[in-house]
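Enquirer: Just one file: work21.cif, with mmCIF, C-alpha atoms.
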```cif
data_structure
#
loop_
_atom_site.label_atom_id
_atom_site.label_comp_id
_atom_site.auth_asym_id
_atom_site.auth_seq_id
_atom_site.Cartn_x
_atom_site.Cartn_y
_atom_site.Cartn_z
CA MET T 27 -11.16 -10.39 37.34
CA LYS T 28 -9.99 -12.47 34.42
CA GLN T 29 -7.15 -14.87 34.96
CA ALA T 30 -3.96 -13.70 33.27
CA LEU T 31 -2.98 -15.74 30.25
CA LYS T 32 0.09 -17.86 30.94
CA TYR T 33 1.83 -16.80 27.74
CA HIS T 34 0.34 -13.31 27.41
CA TYR T 35 2.98 -10.93 26.05
CA LYS T 36 3.19 -7.54 27.77
CA TYR T 37 4.74 -5.50 24.96
CA PRO T 38 2.49 -3.34 22.70
CA HIS T 39 0.51 -5.17 20.00
CA PRO T 40 -0.22 -3.70 16.55
CA SER T 41 -3.76 -3.94 15.20
CA VAL T 42 -4.32 -5.98 12.04
CA THR T 43 -6.61 -5.12 9.16
CA THR T 44 -7.38 -6.67 5.78
CA ASP T 45 -7.88 -4.78 2.49
CA CYS T 46 -9.27 -6.15 -0.77
CA VAL T 47 -8.44 -5.04 -4.31
CA ILE T 48 -11.35 -6.31 -6.39
CA PHE T 49 -10.87 -6.14 -10.16
CA GLY T 50 -13.64 -6.28 -12.76
CA PHE T 51 -13.70 -5.84 -16.55
CA ASP T 52 -16.24 -3.84 -18.55
CA GLY T 53 -15.25 -5.17 -21.97
CA THR T 54 -12.71 -2.43 -22.59
CA LYS T 55 -11.21 -1.28 -19.30
CA LEU T 56 -10.14 -2.93 -16.09
CA ARG T 57 -12.05 -1.56 -13.11
CA VAL T 58 -11.52 -1.64 -9.35
CA LEU T 59 -14.16 -1.67 -6.62
CA LEU T 60 -13.88 1.21 -4.13
CA VAL T 61 -15.90 2.31 -1.12
CA GLU T 62 -16.51 5.84 0.10
CA ARG T 63 -15.56 6.13 3.75
CA GLY T 64 -18.44 7.14 5.99
CA ILE T 65 -16.36 7.62 9.14
CA GLU T 66 -13.10 9.27 10.16
CA PRO T 67 -10.29 9.15 9.38
CA TYR T 68 -10.55 10.18 5.73
CA ILE T 69 -14.34 10.54 5.82
CA GLY T 70 -15.66 11.10 2.30
CA ARG T 71 -12.51 9.72 0.64
CA TRP T 72 -12.53 6.61 -1.53
CA ALA T 73 -10.72 3.52 -0.28
CA LEU T 74 -10.37 -0.20 -0.76
CA PRO T 75 -12.93 -2.29 1.13
CA GLY T 76 -11.51 -3.71 4.34
CA GLY T 77 -11.40 -3.40 8.09
CA PHE T 78 -10.06 -4.67 11.37
CA LEU T 79 -9.54 -8.39 11.89
CA ARG T 80 -11.51 -10.04 14.67
CA MET T 81 -9.81 -12.21 17.26
CA ASP T 82 -11.73 -15.33 16.17
CA GLU T 83 -11.13 -15.23 12.41
CA CYS T 84 -8.28 -15.78 9.98
CA ALA T 85 -7.23 -13.03 7.58
CA GLU T 86 -9.12 -14.48 4.60
CA ASP T 87 -12.35 -14.83 6.57
CA GLY T 88 -11.98 -11.28 7.84
CA ALA T 89 -11.40 -9.93 4.34
CA LEU T 90 -14.47 -11.74 2.97
CA ARG T 91 -16.61 -10.52 5.87
CA GLU T 92 -15.55 -6.90 5.43
CA LEU T 93 -16.05 -7.14 1.67
CA GLN T 94 -19.62 -8.33 2.09
CA GLU T 95 -20.42 -5.83 4.85
CA GLU T 96 -19.08 -2.84 2.89
CA THR T 97 -20.15 -3.71 -0.67
CA GLY T 98 -22.67 -6.56 -0.55
CA LEU T 99 -20.26 -8.65 -2.65
CA ALA T 100 -20.27 -12.26 -1.45
CA GLY T 101 -18.51 -15.43 -2.53
CA ALA T 102 -15.51 -13.80 -4.21
CA TYR T 103 -12.33 -15.83 -4.58
CA ILE T 104 -9.57 -13.71 -3.02
CA ARG T 105 -5.82 -14.19 -3.04
CA GLN T 106 -3.32 -12.76 -0.56
CA PHE T 107 -0.53 -10.85 -2.31
CA HIS T 108 1.28 -8.62 0.21
CA THR T 109 1.44 -7.31 3.77
CA PHE T 110 1.88 -3.57 4.38
CA THR T 111 3.69 -2.61 7.58
CA ALA T 112 4.74 1.06 7.32
CA VAL T 113 4.74 2.49 10.85
CA HIS T 114 2.55 5.54 10.17
CA ARG T 115 0.27 4.14 7.47
CA ASP T 116 -2.82 4.63 9.71
CA PRO T 117 -3.22 7.84 11.77
CA ARG T 118 -5.23 6.08 14.48
CA GLU T 119 -2.66 3.61 15.75
CA ARG T 120 -0.01 1.10 14.66
CA VAL T 121 -1.82 -0.99 12.03
CA ILE T 122 -0.57 -3.78 9.79
CA THR T 123 -2.75 -4.74 6.83
CA ILE T 124 -2.89 -8.02 4.93
CA ALA T 125 -3.87 -7.32 1.33
CA PHE T 126 -5.86 -9.54 -1.03
CA TYR T 127 -6.97 -9.20 -4.64
CA ALA T 128 -9.66 -10.93 -6.68
CA LEU T 129 -11.10 -11.07 -10.17
CA VAL T 130 -14.91 -10.94 -10.43
CA ARG T 131 -17.52 -10.23 -13.08
CA LEU T 132 -18.92 -6.73 -12.79
CA GLN T 133 -22.02 -6.68 -10.65
CA GLU T 134 -24.08 -4.25 -8.65
CA VAL T 135 -22.52 -3.20 -5.36
CA LYS T 136 -23.78 -1.03 -2.52
CA GLY T 137 -22.27 0.75 0.45
CA GLY T 138 -22.85 -0.63 3.91
CA ASP T 139 -21.35 -0.85 7.41
CA ASP T 140 -18.95 2.14 7.64
CA ALA T 141 -19.00 2.72 3.84
CA ALA T 142 -21.26 5.51 2.54
CA ASP T 143 -21.11 4.22 -1.04
CA ALA T 144 -19.47 1.55 -3.19
CA ARG T 145 -18.63 1.97 -6.87
CA TRP T 146 -16.57 0.55 -9.74
CA PHE T 147 -13.84 2.86 -11.08
CA ALA T 148 -11.77 2.50 -14.26
CA LEU T 149 -8.11 2.25 -13.28
CA ASP T 150 -7.30 5.48 -15.13
CA GLU T 151 -10.07 7.30 -13.24
CA VAL T 152 -9.24 6.29 -9.66
CA PRO T 153 -9.14 9.33 -7.32
CA GLN T 154 -6.51 9.74 -4.62
CA LEU T 155 -7.29 7.07 -2.05
CA ALA T 156 -7.31 7.06 1.76
CA PHE T 157 -4.46 5.70 3.87
CA ASP T 158 -1.79 4.02 1.69
CA HIS T 159 -4.38 2.44 -0.59
CA ASP T 160 -2.86 4.00 -3.72
CA GLN T 161 0.28 1.98 -2.98
CA ILE T 162 -1.75 -1.16 -2.29
CA LEU T 163 -3.61 -0.78 -5.60
CA ARG T 164 -0.37 -0.36 -7.57
CA LYS T 165 1.08 -3.45 -5.88
CA ALA T 166 -2.07 -5.43 -6.74
CA GLU T 167 -1.81 -4.39 -10.41
CA GLN T 168 1.78 -5.64 -10.46
CA ALA T 169 0.73 -8.94 -8.88
CA LEU T 170 -2.05 -9.39 -11.45
CA ARG T 171 0.34 -8.72 -14.36
CA GLN T 172 2.66 -11.38 -12.98
CA GLN T 173 -0.19 -13.86 -12.49
CA ILE T 174 -1.42 -13.54 -16.07
CA HIS T 175 1.87 -15.01 -17.37
CA PHE T 176 1.63 -18.12 -15.17
CA GLU T 177 -2.10 -18.77 -14.83
CA PRO T 178 -5.00 -18.36 -17.26
CA VAL T 179 -7.04 -15.25 -16.56
CA GLY T 180 -10.46 -14.58 -18.00
CA PHE T 181 -13.03 -17.06 -16.66
CA GLU T 182 -13.65 -14.90 -13.59
CA LEU T 183 -13.93 -11.64 -15.55
CA LEU T 184 -15.61 -12.39 -18.88
CA PRO T 185 -19.19 -13.47 -19.58
CA GLU T 186 -19.78 -17.18 -20.14
CA GLU T 187 -19.53 -16.68 -23.91
CA PHE T 188 -17.24 -14.06 -25.41
CA THR T 189 -15.42 -13.09 -28.59
CA ILE T 190 -11.68 -13.37 -29.13
CA LYS T 191 -11.64 -9.58 -29.31
CA GLN T 192 -13.12 -9.35 -25.82
CA LEU T 193 -10.50 -11.76 -24.50
CA GLN T 194 -7.74 -9.82 -26.24
CA ASN T 195 -9.11 -6.54 -24.83
CA LEU T 196 -8.92 -8.04 -21.35
CA TYR T 197 -5.29 -9.10 -21.67
CA GLU T 198 -4.37 -5.76 -23.22
CA ALA T 199 -6.09 -3.91 -20.37
CA ILE T 200 -4.21 -5.91 -17.73
CA LEU T 201 -0.80 -5.74 -19.41
CA ASN T 202 -1.23 -2.28 -20.97
CA VAL T 203 0.06 -3.47 -24.35
CA HIS T 204 -1.37 -4.13 -27.83
CA PHE T 205 -1.31 -7.59 -29.47
CA ASP T 206 -1.58 -8.70 -33.05
CA ARG T 207 -5.00 -10.36 -33.25
CA ARG T 208 -3.89 -13.44 -35.20
CA ASN T 209 -0.88 -14.11 -32.99
CA PHE T 210 -2.98 -13.68 -29.86
CA TYR T 211 -5.63 -16.11 -31.09
CA ASN T 212 -3.05 -18.73 -32.11
CA LYS T 213 -1.36 -18.59 -28.70
CA MET T 214 -4.68 -19.01 -26.90
CA LYS T 215 -5.76 -21.80 -29.25
CA ARG T 216 -2.57 -23.78 -28.57
CA LEU T 217 -3.37 -23.78 -24.85
CA GLY T 218 -6.54 -25.79 -25.58
CA MET T 219 -8.69 -23.89 -23.10
CA LEU T 220 -11.06 -22.26 -25.63
CA GLU T 221 -14.12 -23.88 -27.21
CA GLN T 222 -15.71 -22.26 -30.24
CA THR T 223 -19.51 -22.21 -30.18
CA ASP T 224 -21.90 -22.12 -33.14
CA GLU T 225 -23.14 -18.70 -32.08
CA THR T 226 -21.98 -15.45 -33.67
CA VAL T 227 -22.38 -11.76 -32.94
CA ASN T 228 -22.06 -8.68 -35.12
CA PRO T 229 -19.59 -6.35 -33.42
CA SER T 230 -19.42 -4.41 -36.69
CA GLN T 231 -21.36 -4.30 -39.96
CA LYS T 232 -18.44 -5.78 -41.85
CA LYS T 233 -17.94 -9.13 -40.17
CA GLU T 234 -19.53 -11.58 -37.76
CA ALA T 235 -17.50 -12.90 -34.84
CA TYR T 236 -17.79 -16.36 -33.30
CA LEU T 237 -18.43 -16.69 -29.61
CA PHE T 238 -16.12 -18.82 -27.47
CA ARG T 239 -16.32 -20.27 -24.01
CA PHE T 240 -13.66 -21.60 -21.71
CA ASN T 241 -13.10 -25.35 -21.43
CA LYS T 242 -13.53 -25.33 -17.66
CA ALA T 243 -11.66 -28.59 -17.07
CA LYS T 244 -8.67 -27.47 -19.15
CA TYR T 245 -8.80 -23.98 -17.66
CA ASP T 246 -8.71 -25.38 -14.12
CA GLU T 247 -5.92 -27.79 -15.09
CA LEU T 248 -3.76 -24.96 -16.42
CA LYS T 249 -4.54 -22.87 -13.37
CA GLN T 250 -3.47 -25.72 -11.10
CA LYS T 251 -0.34 -26.70 -13.03
CA GLY T 252 0.64 -23.25 -14.19
CA PHE T 253 2.23 -22.36 -17.50
CA ARG T 254 4.42 -19.70 -19.07
CA LEU T 255 2.56 -17.41 -21.45
CA GLU T 256 4.83 -15.26 -23.59
CA PHE T 257 3.54 -12.62 -25.99
#
```
Turn the structure described in the file into C-alpha cells.
Expert:
Amino acid sequence: MKQALKYHYKYPHPSVTTDCVIFGFDGTKLRVLLVERGIEPYIGRWALPGGFLRMDECAEDGALRELQEETGLAGAYIRQFHTFTAVHRDPRERVITIAFYALVRLQEVKGGDDAADARWFALDEVPQLAFDHDQILRKAEQALRQQIHFEPVGFELLPEEFTIKQLQNLYEAILNVHFDRRNFYNKMKRLGMLEQTDETVNPSQKKEAYLFRFNKAKYDELKQKGFRLEF
C-alpha cells in the first residue's frame, strides 16, 4: 500500500492535454497540419495533433512528444498561445488543454500512435474538426496575425532563398490582405533583414526576379527585440 502524499488534494482533478497548431506555407496558401483520429471519440475525424500530458513532463515537452508520435515531425519550435478550459470540451472527462502553435517548412508527415493519417490542409479547405479544435485553430490564426506585426515571420516558412513575391504572398496569406509590391519591398528593405543574392529565377516570361535570403543575425535581433510593422 502506497504511503499517502502529505499534501495530496482529495478533490477531483481535471486531466491536462496539449494541442499543436502547426502552420506551413506552400508558396501561395497557408496550411495547417492535421491528424485523422484512429480511436474514439471522434474516430475518423480530423484534429490537431496532441494528447494527454504525462506526470513527468512539462506542457512543452508533452506537446513535442505527441507531435512526433502522431506526425513524425520532430524539432519544431512551438509557442504557447492559449489554454482552453470549457467544461464539456471533451466527452470523456473534464479536460483542460494547453495550446501551442509553430511555423515550419512544409515537409512529409505520417500518421502514428493513435493517428490513422497526417496531412497538410489549406486553411480554406479545413474540414470540421474534432473536439473544440475549430476554435483552437481560429485562436491560433489570430495569435499569428498579431505576432507578424511585432516579430519578423518568414525564416521558418520560406525556403532558404526566395523572391520578394514569395515573401509578399506569405504575409498576404497570413493577414488576408493585398499589398502594393513596391511599398511592401521598401518596408522590408528598411528593416535590414533581407540580403539580395546574385541568383535570379524566371517566374514569368516577361521578367527575371532576384532571389533573397534572410540576414539571420538581423532577423534574430529583430525577433528578440521586437518591432512594429505597419502596412
Enquirer: Can you pull out the residues contacting Ala89 (chain T)? Cut-off 8 Å, using only C-alpha atoms, and skip same-chain residues under 2 positions away; I want them as a list of chain:residue names.
Expert: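 In the requested format, the answer is T:Thr44, T:Asp45, T:Cys46, T:Gly76, T:Gly77, T:Leu79, T:Ala85, T:Glu86, T:Asp87, T:Arg91, T:Glu92, T:Leu93, T:Phe126.
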Enquirer: Write to file, as a compact mmCIF listing (two decimals), keeping the file's coordinate frame, the residues of the selection just made, with C-alpha atoms.
Expert:
```txt
# COMPACT_ATOMS: atom_id res chain seq x y z
CA THR T 44 -7.38 -6.67 5.78
CA ASP T 45 -7.88 -4.78 2.49
CA CYS T 46 -9.27 -6.15 -0.77
CA GLY T 76 -11.51 -3.71 4.34
CA GLY T 77 -11.40 -3.40 8.09
CA LEU T 79 -9.54 -8.39 11.89
CA ALA T 85 -7.23 -13.03 7.58
CA GLU T 86 -9.12 -14.48 4.60
CA ASP T 87 -12.35 -14.83 6.57
CA ARG T 91 -16.61 -10.52 5.87
CA GLU T 92 -15.55 -6.90 5.43
CA LEU T 93 -16.05 -7.14 1.67
CA PHE T 126 -5.86 -9.54 -1.03
```
Enquirer: Residues proximal to (-19.9, -16.1, -20.7) were defined as those with any atom within 9 Å of that point in the file's coordinates, counting all atoms listed in the file. Which are they, as a ChimeraX atom specification?
Expert: /T:181,184-188,238-240
Enquirer: Dump C-alpha atoms for the selected residues as a PDB file, keeping the file's coordinate frame?
Expert:
```pdb
ATOM      1  CA  PHE T 181     -13.030 -17.060 -16.660  1.00  0.00           C
ATOM      2  CA  LEU T 184     -15.610 -12.390 -18.880  1.00  0.00           C
ATOM      3  CA  PRO T 185     -19.190 -13.470 -19.580  1.00  0.00           C
ATOM      4  CA  GLU T 186     -19.780 -17.180 -20.140  1.00  0.00           C
ATOM      5  CA  GLU T 187     -19.530 -16.680 -23.910  1.00  0.00           C
ATOM      6  CA  PHE T 188     -17.240 -14.060 -25.410  1.00  0.00           C
ATOM      7  CA  PHE T 238     -16.120 -18.820 -27.470  1.00  0.00           C
ATOM      8  CA  ARG T 239     -16.320 -20.270 -24.010  1.00  0.00           C
ATOM      9  CA  PHE T 240     -13.660 -21.600 -21.710  1.00  0.00           C
TER      10      PHE T 240
END
```
Enquirer: Suppose you want the space between CA of Lys191 (chain T) and CA of Lys242 (chain T); what is it in Å?
Expert: 19.7 Å
Enquirer: Could you list the residues chosen by the PyMOL selection byres ((chain T and resi 148-155) around 7) in this structure as an MDAnalysis selection string?
Expert: chainID T and resid 55:58 71:73 146:147 156:157 159:160
Enquirer: Quick one: of T:Ala166, T:Leu196, T:Ala112, T:Val121, who's nearest to Pro38 (chain T), counting only C-alpha atoms?
Expert: T:Val121
Enquirer: What is the distance between CA of Tyr103 (chain T) and CA of Glu182 (chain T), in Å to one decimal?
Expert: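 These atoms are spaced 9.2 Å apart.
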Enquirer: Box along x, y and z, 8 Å on every side, all listed atoms of region 157-173 of chain T inside: centre and edge lengths in Å to one decimal, as AutoDock Vina command-line options.
Expert:
```
--center_x -0.9 --center_y -4.1 --center_z -5.2 --size_x 23.1 --size_y 35.6 --size_z 34.2
```
Enquirer: Mind rebuilding region 82-108 of chain T with N, CA and C atoms and writing that out as a compact mmCIF listing (two decimals), in the frame of the given file?
Expert:
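Contents of rebuild-v2.txt, as written:
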```
# COMPACT_ATOMS: atom_id res chain seq x y z
N ASP T 82 -11.32 -13.94 16.41
CA ASP T 82 -11.73 -15.33 16.17
C ASP T 82 -11.78 -15.68 14.69
N GLU T 83 -11.08 -14.92 13.83
CA GLU T 83 -11.13 -15.23 12.41
C GLU T 83 -9.74 -15.10 11.78
N CYS T 84 -9.53 -15.89 10.72
CA CYS T 84 -8.28 -15.78 9.98
C CYS T 84 -8.38 -14.59 9.03
N ALA T 85 -7.27 -14.22 8.43
CA ALA T 85 -7.23 -13.03 7.58
C ALA T 85 -8.20 -13.15 6.40
N GLU T 86 -8.24 -14.32 5.76
CA GLU T 86 -9.12 -14.48 4.60
C GLU T 86 -10.58 -14.34 4.99
N ASP T 87 -10.97 -14.95 6.11
CA ASP T 87 -12.35 -14.83 6.57
C ASP T 87 -12.69 -13.38 6.90
N GLY T 88 -11.75 -12.68 7.52
CA GLY T 88 -11.98 -11.28 7.84
C GLY T 88 -12.14 -10.43 6.60
N ALA T 89 -11.31 -10.69 5.58
CA ALA T 89 -11.40 -9.93 4.34
C ALA T 89 -12.74 -10.17 3.65
N LEU T 90 -13.18 -11.42 3.60
CA LEU T 90 -14.47 -11.74 2.97
C LEU T 90 -15.63 -11.12 3.73
N ARG T 91 -15.55 -11.14 5.05
CA ARG T 91 -16.61 -10.52 5.87
C ARG T 91 -16.69 -9.02 5.61
N GLU T 92 -15.56 -8.34 5.66
CA GLU T 92 -15.55 -6.90 5.43
C GLU T 92 -16.03 -6.56 4.02
N LEU T 93 -15.64 -7.37 3.05
CA LEU T 93 -16.05 -7.14 1.67
C LEU T 93 -17.57 -7.21 1.54
N GLN T 94 -18.17 -8.20 2.17
CA GLN T 94 -19.62 -8.33 2.09
C GLN T 94 -20.32 -7.21 2.87
N GLU T 95 -19.79 -6.87 4.04
CA GLU T 95 -20.42 -5.83 4.85
C GLU T 95 -20.36 -4.46 4.17
N GLU T 96 -19.27 -4.17 3.45
CA GLU T 96 -19.08 -2.84 2.89
C GLU T 96 -19.59 -2.70 1.46
N THR T 97 -19.75 -3.80 0.74
CA THR T 97 -20.15 -3.71 -0.67
C THR T 97 -21.32 -4.61 -1.04
N GLY T 98 -21.65 -5.59 -0.20
CA GLY T 98 -22.67 -6.56 -0.55
C GLY T 98 -22.16 -7.66 -1.45
N LEU T 99 -20.86 -7.64 -1.78
CA LEU T 99 -20.26 -8.65 -2.65
C LEU T 99 -19.91 -9.88 -1.84
N ALA T 100 -20.48 -11.02 -2.20
CA ALA T 100 -20.27 -12.26 -1.45
C ALA T 100 -19.73 -13.34 -2.37
N GLY T 101 -18.96 -14.26 -1.80
CA GLY T 101 -18.51 -15.43 -2.53
C GLY T 101 -17.35 -15.20 -3.46
N ALA T 102 -16.65 -14.07 -3.33
CA ALA T 102 -15.51 -13.80 -4.21
C ALA T 102 -14.33 -14.69 -3.82
N TYR T 103 -13.58 -15.12 -4.84
CA TYR T 103 -12.33 -15.83 -4.58
C TYR T 103 -11.24 -14.78 -4.44
N ILE T 104 -10.61 -14.71 -3.26
CA ILE T 104 -9.57 -13.71 -3.02
C ILE T 104 -8.23 -14.39 -2.81
N ARG T 105 -7.17 -13.65 -3.13
CA ARG T 105 -5.82 -14.19 -3.04
C ARG T 105 -4.92 -13.18 -2.32
N GLN T 106 -4.23 -13.64 -1.30
CA GLN T 106 -3.32 -12.76 -0.56
C GLN T 106 -2.09 -12.46 -1.41
N PHE T 107 -1.67 -11.18 -1.47
CA PHE T 107 -0.53 -10.85 -2.31
C PHE T 107 0.54 -10.04 -1.60
N HIS T 108 0.24 -9.40 -0.46
CA HIS T 108 1.28 -8.62 0.21
C HIS T 108 0.78 -8.20 1.59
```
